[in-house]
$ cat target.tsv   # TSV, C-alpha atoms
chain	number	residue	atom	x	y	z
A	1	SER	CA	-64.83	-95.59	103.13
A	2	GLN	CA	-63.16	-98.69	104.52
A	3	PHE	CA	-66.35	-100.72	104.20
A	4	HIS	CA	-68.55	-101.69	101.25
A	5	LYS	CA	-72.01	-103.23	101.13
A	6	HIS	CA	-72.54	-106.76	99.94
A	7	ASN	CA	-75.94	-108.45	100.39
A	8	ASN	CA	-76.89	-105.71	102.88
A	9	LEU	CA	-73.88	-106.58	105.08
A	10	GLN	CA	-70.89	-104.34	105.81
A	11	THR	CA	-67.56	-106.11	105.47
A	12	PRO	CA	-64.05	-104.65	105.39
A	13	ASN	CA	-62.23	-104.29	102.06
A	14	HIS	CA	-59.78	-107.11	101.48
A	15	PRO	CA	-56.13	-105.91	101.11
A	16	THR	CA	-55.64	-108.16	98.08
A	17	THR	CA	-58.56	-106.51	96.29
A	18	ASN	CA	-57.13	-103.03	96.88
A	19	HIS	CA	-53.71	-104.17	95.68
A	20	GLN	CA	-55.13	-105.70	92.49
A	21	SER	CA	-57.16	-102.56	91.81
A	22	THR	CA	-54.11	-100.35	92.26
A	23	THR	CA	-51.98	-102.58	90.03
A	24	THR	CA	-54.64	-102.57	87.29
A	25	THR	CA	-54.89	-98.78	87.44
A	26	MET	CA	-51.11	-98.36	87.19
A	27	LYS	CA	-50.90	-100.71	84.20
A	28	PHE	CA	-53.68	-98.80	82.48
A	29	LEU	CA	-51.92	-95.45	83.06
A	30	LEU	CA	-48.57	-96.76	81.83
A	31	SER	CA	-50.16	-98.28	78.73
A	32	SER	CA	-51.98	-95.02	78.00
A	33	LEU	CA	-48.77	-93.01	78.35
A	34	ALA	CA	-46.93	-95.40	76.03
A	35	LEU	CA	-49.64	-95.16	73.38
A	36	ILE	CA	-49.77	-91.38	73.66
A	37	GLY	CA	-45.98	-91.18	73.30
A	38	SER	CA	-46.00	-93.42	70.23
A	39	ALA	CA	-48.78	-91.43	68.61
A	40	ALA	CA	-47.06	-88.14	69.38
A	41	ALA	CA	-43.91	-89.26	67.61
A	42	PHE	CA	-45.82	-89.57	64.33
A	43	ALA	CA	-48.22	-86.70	64.90
A	44	PRO	CA	-48.41	-83.92	62.29
A	45	ALA	CA	-45.82	-81.27	62.98
A	46	GLN	CA	-47.00	-77.84	64.02
A	47	THR	CA	-46.91	-75.32	61.23
A	48	ALA	CA	-45.90	-72.48	63.52
A	49	LYS	CA	-42.39	-72.20	64.84
A	50	SER	CA	-41.84	-73.37	68.38
A	51	THR	CA	-41.70	-70.76	71.10
A	52	THR	CA	-38.71	-72.51	72.67
A	53	ALA	CA	-36.43	-70.98	70.07
A	54	LEU	CA	-37.09	-67.76	68.21
A	55	ASN	CA	-35.12	-68.97	65.19
A	56	ALA	CA	-36.47	-72.54	65.19
A	57	VAL	CA	-37.03	-74.12	61.79
A	58	ASP	CA	-40.56	-74.86	60.60
A	59	ILE	CA	-40.23	-78.41	59.27
A	60	GLY	CA	-43.64	-78.07	57.69
A	61	GLU	CA	-41.96	-76.01	54.98
A	62	LEU	CA	-39.17	-78.55	54.32
A	63	PRO	CA	-39.17	-81.72	52.22
A	64	GLY	CA	-39.03	-85.02	54.04
A	65	ARG	CA	-42.63	-85.64	55.10
A	66	LEU	CA	-43.73	-89.22	55.69
A	67	ALA	CA	-47.23	-88.48	54.40
A	68	PRO	CA	-49.26	-85.32	53.75
A	69	ASN	CA	-48.85	-83.12	56.84
A	70	VAL	CA	-46.98	-85.86	58.74
A	71	TYR	CA	-43.39	-85.10	59.74
A	72	PHE	CA	-41.11	-87.20	61.92
A	73	ASP	CA	-39.02	-85.27	64.43
A	74	PRO	CA	-39.55	-87.02	67.80
A	75	LEU	CA	-36.32	-85.63	69.29
A	76	GLY	CA	-37.15	-82.06	68.30
A	77	PHE	CA	-34.02	-81.31	66.27
A	78	ALA	CA	-35.87	-78.64	64.28
A	79	GLU	CA	-36.94	-76.85	67.46
A	80	ARG	CA	-33.29	-76.37	68.46
A	81	ALA	CA	-31.92	-75.52	65.01
A	82	ASP	CA	-31.71	-72.35	62.98
A	83	ASP	CA	-31.71	-72.40	59.19
A	84	ALA	CA	-27.94	-72.91	58.91
A	85	LEU	CA	-27.87	-75.85	61.31
A	86	MET	CA	-30.96	-77.42	59.77
A	87	ASN	CA	-29.29	-77.28	56.34
A	88	ARG	CA	-26.29	-79.14	57.75
A	89	TYR	CA	-28.63	-81.75	59.23
A	90	ARG	CA	-30.28	-82.17	55.86
A	91	GLU	CA	-26.93	-82.36	54.04
A	92	ALA	CA	-25.80	-85.12	56.41
A	93	GLU	CA	-29.10	-87.00	56.04
A	94	LEU	CA	-29.00	-86.88	52.26
A	95	THR	CA	-25.35	-87.94	52.11
A	96	HIS	CA	-25.86	-90.89	54.45
A	97	GLY	CA	-29.07	-91.86	52.67
A	98	ARG	CA	-27.34	-91.92	49.29
A	99	VAL	CA	-24.45	-93.98	50.64
A	100	ALA	CA	-26.94	-96.38	52.25
A	101	MET	CA	-28.86	-96.80	48.98
A	102	LEU	CA	-25.60	-97.69	47.22
A	103	ALA	CA	-24.72	-100.03	50.10
A	104	THR	CA	-27.99	-101.96	49.90
A	105	ILE	CA	-27.53	-102.40	46.15
A	106	GLY	CA	-23.94	-103.47	46.80
A	107	PHE	CA	-25.08	-106.08	49.31
A	108	ILE	CA	-27.61	-107.59	46.92
A	109	VAL	CA	-25.53	-107.45	43.73
A	110	GLY	CA	-22.31	-108.50	45.45
A	111	GLU	CA	-23.86	-111.60	46.97
A	112	LYS	CA	-25.74	-112.47	43.80
A	113	VAL	CA	-22.57	-112.61	41.71
A	114	GLU	CA	-20.14	-113.78	44.44
A	115	GLY	CA	-18.03	-116.73	43.38
A	116	SER	CA	-18.46	-115.89	39.70
A	117	SER	CA	-15.83	-114.58	37.29
A	118	PHE	CA	-17.73	-111.28	37.19
A	119	LEU	CA	-16.42	-110.35	40.66
A	120	PHE	CA	-12.63	-110.27	40.88
A	121	ASP	CA	-12.23	-113.52	38.92
A	122	SER	CA	-14.11	-115.65	41.45
A	123	GLN	CA	-11.86	-114.58	44.34
A	124	ILE	CA	-14.70	-113.09	46.43
A	125	THR	CA	-17.06	-115.44	48.26
A	126	GLY	CA	-19.32	-115.53	51.30
A	127	PRO	CA	-21.59	-112.92	52.91
A	128	ALA	CA	-21.19	-109.31	51.78
A	129	ILE	CA	-19.74	-108.16	55.10
A	130	THR	CA	-16.68	-110.34	54.41
A	131	HIS	CA	-16.12	-109.10	50.85
A	132	ILE	CA	-14.24	-105.95	51.83
A	133	THR	CA	-11.46	-108.01	53.45
A	134	GLN	CA	-11.06	-110.18	50.35
A	135	VAL	CA	-10.62	-107.52	47.69
A	136	PRO	CA	-7.18	-106.86	46.17
A	137	SER	CA	-5.06	-103.93	47.36
A	138	LEU	CA	-5.64	-102.10	44.07
A	139	PHE	CA	-9.36	-101.94	44.82
A	140	TRP	CA	-8.63	-100.24	48.16
A	141	ALA	CA	-6.49	-97.64	46.42
A	142	LEU	CA	-9.19	-96.93	43.84
A	143	LEU	CA	-11.90	-96.82	46.52
A	144	VAL	CA	-10.02	-94.31	48.66
A	145	THR	CA	-9.27	-92.17	45.60
A	146	VAL	CA	-12.90	-92.08	44.45
A	147	ILE	CA	-14.23	-91.31	47.94
A	148	GLY	CA	-11.61	-88.60	48.46
A	149	ALA	CA	-12.35	-86.96	45.10
A	150	SER	CA	-16.11	-87.10	45.73
A	151	GLU	CA	-15.79	-85.53	49.18
A	152	ALA	CA	-13.44	-82.84	47.87
A	153	PHE	CA	-15.96	-81.98	45.16
A	154	ARG	CA	-18.80	-81.86	47.70
A	155	LEU	CA	-16.81	-79.60	50.02
A	156	GLU	CA	-15.90	-77.27	47.19
A	157	LYS	CA	-19.48	-77.16	45.98
A	158	GLY	CA	-21.35	-76.54	49.21
A	159	TRP	CA	-19.08	-75.57	52.10
A	160	VAL	CA	-17.58	-72.23	53.05
A	161	ASP	CA	-13.78	-72.12	53.12
A	162	PRO	CA	-12.73	-72.47	56.80
A	163	VAL	CA	-10.61	-69.34	56.35
A	164	TYR	CA	-13.81	-67.29	56.15
A	165	THR	CA	-15.70	-68.88	59.05
A	166	ALA	CA	-15.63	-68.00	62.74
A	167	VAL	CA	-13.67	-70.27	65.05
A	168	ASP	CA	-16.78	-71.07	67.07
A	169	LYS	CA	-18.88	-71.77	63.94
A	170	PRO	CA	-17.02	-74.31	61.81
A	171	GLY	CA	-18.48	-76.27	58.93
A	172	GLN	CA	-20.76	-73.62	57.45
A	173	LEU	CA	-22.65	-74.22	54.19
A	174	LYS	CA	-22.67	-71.60	51.46
A	175	ALA	CA	-25.71	-69.31	51.54
A	176	ASP	CA	-26.78	-70.20	47.99
A	177	TYR	CA	-26.17	-73.95	48.35
A	178	VAL	CA	-29.17	-76.29	48.44
A	179	PRO	CA	-28.36	-79.37	50.59
A	180	GLY	CA	-27.65	-82.36	48.38
A	181	ASP	CA	-27.61	-80.39	45.12
A	182	LEU	CA	-24.20	-81.25	43.66
A	183	GLY	CA	-25.22	-80.55	40.09
A	184	PHE	CA	-24.88	-84.25	39.25
A	185	ASP	CA	-27.85	-85.33	37.15
A	186	PRO	CA	-26.59	-87.33	34.16
A	187	LEU	CA	-30.06	-88.73	33.40
A	188	SER	CA	-31.80	-85.33	33.69
A	189	LEU	CA	-34.20	-86.63	36.31
A	190	MET	CA	-34.57	-83.36	38.22
A	191	PRO	CA	-38.01	-81.83	37.51
A	192	GLN	CA	-38.20	-78.20	36.47
A	193	ASP	CA	-41.55	-77.65	38.19
A	194	ALA	CA	-41.18	-76.58	41.84
A	195	ASP	CA	-43.93	-78.87	43.15
A	196	ASP	CA	-42.56	-81.89	41.27
A	197	PHE	CA	-39.06	-81.11	42.54
A	198	PHE	CA	-40.35	-80.92	46.13
A	199	GLU	CA	-42.03	-84.30	45.72
A	200	MET	CA	-38.84	-85.83	44.32
A	201	GLN	CA	-36.94	-84.51	47.33
A	202	ASN	CA	-39.47	-86.26	49.56
A	203	LYS	CA	-38.95	-89.52	47.69
A	204	GLU	CA	-35.16	-89.35	47.88
A	205	LEU	CA	-35.17	-88.58	51.61
A	206	ASN	CA	-37.61	-91.34	52.50
A	207	ASN	CA	-35.90	-93.91	50.29
A	208	GLY	CA	-32.59	-92.91	51.85
A	209	ARG	CA	-34.02	-93.36	55.35
A	210	LEU	CA	-35.35	-96.79	54.42
A	211	ALA	CA	-31.97	-97.72	52.93
A	212	MET	CA	-30.14	-96.71	56.12
A	213	ILE	CA	-32.39	-99.02	58.12
A	214	ALA	CA	-32.00	-101.80	55.53
A	215	ALA	CA	-28.20	-101.53	55.40
A	216	ALA	CA	-28.02	-101.59	59.20
A	217	GLY	CA	-30.28	-104.66	59.18
A	218	PHE	CA	-28.11	-106.42	56.58
A	219	LEU	CA	-24.96	-105.75	58.61
A	220	ALA	CA	-26.49	-106.88	61.89
A	221	GLN	CA	-28.06	-110.04	60.48
A	222	GLU	CA	-24.94	-111.21	58.68
A	223	ALA	CA	-22.78	-110.41	61.70
A	224	VAL	CA	-25.03	-112.55	63.91
A	225	ASP	CA	-25.10	-115.79	61.92
A	226	GLY	CA	-22.61	-115.32	59.07
A	227	LYS	CA	-25.20	-116.02	56.38
A	228	GLY	CA	-25.79	-113.95	53.25
A	229	ILE	CA	-28.99	-112.04	52.50
A	230	PHE	CA	-30.15	-114.41	49.74
A	231	GLU	CA	-29.39	-117.38	51.98
A	232	HIS	CA	-31.76	-115.94	54.57
A	233	LEU	CA	-34.42	-115.53	51.90
A	234	GLY	CA	-33.96	-119.12	50.74
A	235	PHE	CA	-32.51	-118.28	47.31

$ encode --input "target.tsv" --output "structure tokens"
Amino acid sequence: SQFHKHNNLQTPNHPTTNHQSTTTTMKFLLSSLALIGSAAAFAPAQTAKSTTALNAVDIGELPGRLAPNVYFDPLGFAERADDALMNRYREAELTHGRVAMLATIGFIVGEKVEGSSFLFDSQITGPAITHITQVPSLFWALLVTVIGASEAFRLEKGWVDPVYTAVDKPGQLKADYVPGDLGFDPLSLMPQDADDFFEMQNKELNNGRLAMIAAAGFLAQEAVDGKGIFEHLGF
């Protein structure tokens, strides 16, 4: 109806009122969609495999949960991955997480001791992002050697020789290789109980994810204003 009653009189609807009502409704719908999308990103993953891919991976069976029955896969990588691809995803995530954990420690320790004789005889100063350009050439040679040897060991341990893989399926992991399990456990921290081992895998993955975010934050913050992490914290 184009008319509404007010004090027993019929008057036409004002265009401004209709416009405000429409605007309010649209804002409400957009806000609701945003909230639903945010909630869906952290919603518990389905335990059944998706029907979009017959060989989709059930992430409910994998380590990496954020909390009991809560798994984070907003882009649906698991729905488009078979077991082999999901293992490569997990190998990449673990490797980057471990590097990021070392990086965050390097940021903190490097800036804490910068300018002291402990670090290259007081030659290294300033924010951590500038340290790599100040190190001697010998350090670069040692760094490249260590990284190369580590990667060669990892490839030998977990990856199929390219000679035995199809041209259209490069970078295959060995069937008996568990992503991230390089056999390096000098402190014997790996639990023997299956449930305890699963929980430790969860802890490593989530700490690695946090470290990747932290390292990215350190890099971005220091690149913006040229100040070290401890300087930002007031230490």

$ closest_residue --input "target.tsv" --among "A:Ile108, A:Ala84, A:Met101, A:Leu142" --to "Asp176 (chain A)" --atoms "only C-alpha atoms"
A:Ala84

$ closest_residue --input "target.tsv" --among "A:Pro186, A:Glu222, A:Asp181, A:Glu231" --to "Leu94 (chain A)" --atoms "all atoms listed in the file"
A:Asp181

$ closest_residue --input "target.tsv" --among "A:Asp121, A:Glu111, A:Glu93, A:Asp83" --to "Met212 (chain A)" --atoms "all atoms listed in the file"
A:Glu93

$ closest_residue --input "target.tsv" --among "A:Leu182, A:Ile132, A:Met86, A:Phe107" --to "Phe153 (chain A)" --atoms "all atoms listed in the file"
A:Leu182

$ axis_aligned_box --input "target.tsv" --around "region 159-176 of chain A" --padding-each-side "6 Å" --output "AutoDock Vina command-line options"
--center_x -18.7 --center_y -71.8 --center_z 57.5 --size_x 28.2 --size_y 21.0 --size_z 31.1

$ atom_distance --input "target.tsv" --atom1 "CA of Gly180 (chain A)" --atom2 "CA of Glu91 (chain A)"
5.7 Å

$ closest_residue --input "target.tsv" --among "A:Ser150, A:Glu114, A:Gly234, A:Val70" --to "Thr130 (chain A)" --atoms "all atoms listed in the file"
A:Glu114

$ closest_residue --input "target.tsv" --among "A:Asn87, A:Thr133, A:Thr95, A:Ser122" --to "Gly208 (chain A)" --atoms "only C-alpha atoms"
A:Thr95

$ atom_distance --input "target.tsv" --atom1 "CA of His131 (chain A)" --atom2 "CA of Ala215 (chain A)"
15.0 Å

$ atom_distance --input "target.tsv" --atom1 "CA of Asp195 (chain A)" --atom2 "CA of Gly64 (chain A)"
13.4 Å

$ decode --input "target.tsv" --residues "region 68-97 of chain A" --atoms "N, CA and C atoms" --output "PDB file, in the first residue's frame"
ATOM      1  N   PRO A  68      39.280 -28.801  20.179  1.00  0.00           N
ATOM      2  CA  PRO A  68      38.557 -30.054  19.922  1.00  0.00           C
ATOM      3  C   PRO A  68      37.444 -29.872  18.889  1.00  0.00           C
ATOM      4  N   ASN A  69      37.549 -30.625  17.804  1.00  0.00           N
ATOM      5  CA  ASN A  69      36.559 -30.621  16.718  1.00  0.00           C
ATOM      6  C   ASN A  69      36.468 -29.295  15.966  1.00  0.00           C
ATOM      7  N   VAL A  70      37.509 -28.474  16.053  1.00  0.00           N
ATOM      8  CA  VAL A  70      37.538 -27.214  15.305  1.00  0.00           C
ATOM      9  C   VAL A  70      38.759 -27.217  14.391  1.00  0.00           C
ATOM     10  N   TYR A  71      38.506 -27.175  13.081  1.00  0.00           N
ATOM     11  CA  TYR A  71      39.573 -27.218  12.084  1.00  0.00           C
ATOM     12  C   TYR A  71      39.439 -26.017  11.169  1.00  0.00           C
ATOM     13  N   PHE A  72      40.564 -25.443  10.784  1.00  0.00           N
ATOM     14  CA  PHE A  72      40.562 -24.225   9.982  1.00  0.00           C
ATOM     15  C   PHE A  72      40.977 -24.548   8.552  1.00  0.00           C
ATOM     16  N   ASP A  73      40.009 -24.487   7.649  1.00  0.00           N
ATOM     17  CA  ASP A  73      40.274 -24.705   6.229  1.00  0.00           C
ATOM     18  C   ASP A  73      39.273 -23.880   5.415  1.00  0.00           C
ATOM     19  N   PRO A  74      39.310 -22.528   5.579  1.00  0.00           N
ATOM     20  CA  PRO A  74      38.301 -21.683   4.936  1.00  0.00           C
ATOM     21  C   PRO A  74      38.338 -21.715   3.416  1.00  0.00           C
ATOM     22  N   LEU A  75      39.491 -22.024   2.829  1.00  0.00           N
ATOM     23  CA  LEU A  75      39.608 -22.049   1.372  1.00  0.00           C
ATOM     24  C   LEU A  75      39.357 -23.439   0.792  1.00  0.00           C
ATOM     25  N   GLY A  76      39.093 -24.409   1.665  1.00  0.00           N
ATOM     26  CA  GLY A  76      38.717 -25.736   1.202  1.00  0.00           C
ATOM     27  C   GLY A  76      39.815 -26.502   0.497  1.00  0.00           C
ATOM     28  N   PHE A  77      41.059 -26.359   0.949  1.00  0.00           N
ATOM     29  CA  PHE A  77      42.159 -27.105   0.334  1.00  0.00           C
ATOM     30  C   PHE A  77      41.940 -28.612   0.444  1.00  0.00           C
ATOM     31  N   ALA A  78      41.438 -29.055   1.606  1.00  0.00           N
ATOM     32  CA  ALA A  78      41.253 -30.493   1.824  1.00  0.00           C
ATOM     33  C   ALA A  78      40.209 -31.070   0.876  1.00  0.00           C
ATOM     34  N   GLU A  79      39.210 -30.260   0.524  1.00  0.00           N
ATOM     35  CA  GLU A  79      38.152 -30.754  -0.352  1.00  0.00           C
ATOM     36  C   GLU A  79      38.660 -31.027  -1.767  1.00  0.00           C
ATOM     37  N   ARG A  80      39.765 -30.348  -2.141  1.00  0.00           N
ATOM     38  CA  ARG A  80      40.292 -30.505  -3.493  1.00  0.00           C
ATOM     39  C   ARG A  80      41.568 -31.329  -3.531  1.00  0.00           C
ATOM     40  N   ALA A  81      41.905 -31.979  -2.413  1.00  0.00           N
ATOM     41  CA  ALA A  81      43.174 -32.709  -2.333  1.00  0.00           C
ATOM     42  C   ALA A  81      42.955 -34.179  -2.032  1.00  0.00           C
ATOM     43  N   ASP A  82      43.768 -35.021  -2.680  1.00  0.00           N
ATOM     44  CA  ASP A  82      43.783 -36.427  -2.302  1.00  0.00           C
ATOM     45  C   ASP A  82      44.845 -36.601  -1.220  1.00  0.00           C
ATOM     46  N   ASP A  83      45.069 -37.829  -0.793  1.00  0.00           N
ATOM     47  CA  ASP A  83      46.010 -38.064   0.304  1.00  0.00           C
ATOM     48  C   ASP A  83      47.422 -37.593  -0.040  1.00  0.00           C
ATOM     49  N   ALA A  84      47.860 -37.849  -1.269  1.00  0.00           N
ATOM     50  CA  ALA A  84      49.223 -37.483  -1.671  1.00  0.00           C
ATOM     51  C   ALA A  84      49.411 -35.969  -1.653  1.00  0.00           C
ATOM     52  N   LEU A  85      48.457 -35.243  -2.202  1.00  0.00           N
ATOM     53  CA  LEU A  85      48.562 -33.785  -2.225  1.00  0.00           C
ATOM     54  C   LEU A  85      48.457 -33.201  -0.827  1.00  0.00           C
ATOM     55  N   MET A  86      47.579 -33.767   0.001  1.00  0.00           N
ATOM     56  CA  MET A  86      47.429 -33.265   1.358  1.00  0.00           C
ATOM     57  C   MET A  86      48.708 -33.472   2.154  1.00  0.00           C
ATOM     58  N   ASN A  87      49.411 -34.572   1.919  1.00  0.00           N
ATOM     59  CA  ASN A  87      50.690 -34.806   2.586  1.00  0.00           C
ATOM     60  C   ASN A  87      51.725 -33.764   2.175  1.00  0.00           C
ATOM     61  N   ARG A  88      51.695 -33.353   0.911  1.00  0.00           N
ATOM     62  CA  ARG A  88      52.635 -32.320   0.469  1.00  0.00           C
ATOM     63  C   ARG A  88      52.283 -30.971   1.092  1.00  0.00           C
ATOM     64  N   TYR A  89      50.973 -30.691   1.201  1.00  0.00           N
ATOM     65  CA  TYR A  89      50.558 -29.481   1.916  1.00  0.00           C
ATOM     66  C   TYR A  89      51.087 -29.484   3.342  1.00  0.00           C
ATOM     67  N   ARG A  90      50.931 -30.603   4.010  1.00  0.00           N
ATOM     68  CA  ARG A  90      51.344 -30.703   5.406  1.00  0.00           C
ATOM     69  C   ARG A  90      52.866 -30.617   5.535  1.00  0.00           C
ATOM     70  N   GLU A  91      53.586 -31.219   4.608  1.00  0.00           N
ATOM     71  CA  GLU A  91      55.052 -31.128   4.614  1.00  0.00           C
ATOM     72  C   GLU A  91      55.481 -29.671   4.473  1.00  0.00           C
ATOM     73  N   ALA A  92      54.852 -28.944   3.560  1.00  0.00           N
ATOM     74  CA  ALA A  92      55.192 -27.534   3.355  1.00  0.00           C
ATOM     75  C   ALA A  92      54.851 -26.707   4.594  1.00  0.00           C
ATOM     76  N   GLU A  93      53.698 -26.988   5.199  1.00  0.00           N
ATOM     77  CA  GLU A  93      53.286 -26.230   6.382  1.00  0.00           C
ATOM     78  C   GLU A  93      54.239 -26.459   7.548  1.00  0.00           C
ATOM     79  N   LEU A  94      54.612 -27.699   7.756  1.00  0.00           N
ATOM     80  CA  LEU A  94      55.538 -28.006   8.846  1.00  0.00           C
ATOM     81  C   LEU A  94      56.907 -27.369   8.613  1.00  0.00           C
ATOM     82  N   THR A  95      57.400 -27.451   7.385  1.00  0.00           N
ATOM     83  CA  THR A  95      58.713 -26.889   7.076  1.00  0.00           C
ATOM     84  C   THR A  95      58.722 -25.380   7.281  1.00  0.00           C
ATOM     85  N   HIS A  96      57.706 -24.693   6.752  1.00  0.00           N
ATOM     86  CA  HIS A  96      57.637 -23.245   6.925  1.00  0.00           C
ATOM     87  C   HIS A  96      57.413 -22.863   8.385  1.00  0.00           C
ATOM     88  N   GLY A  97      56.627 -23.658   9.101  1.00  0.00           N
ATOM     89  CA  GLY A  97      56.411 -23.382  10.516  1.00  0.00           C
ATOM     90  C   GLY A  97      57.677 -23.504  11.331  1.00  0.00           C
TER      91      GLY A  97
END
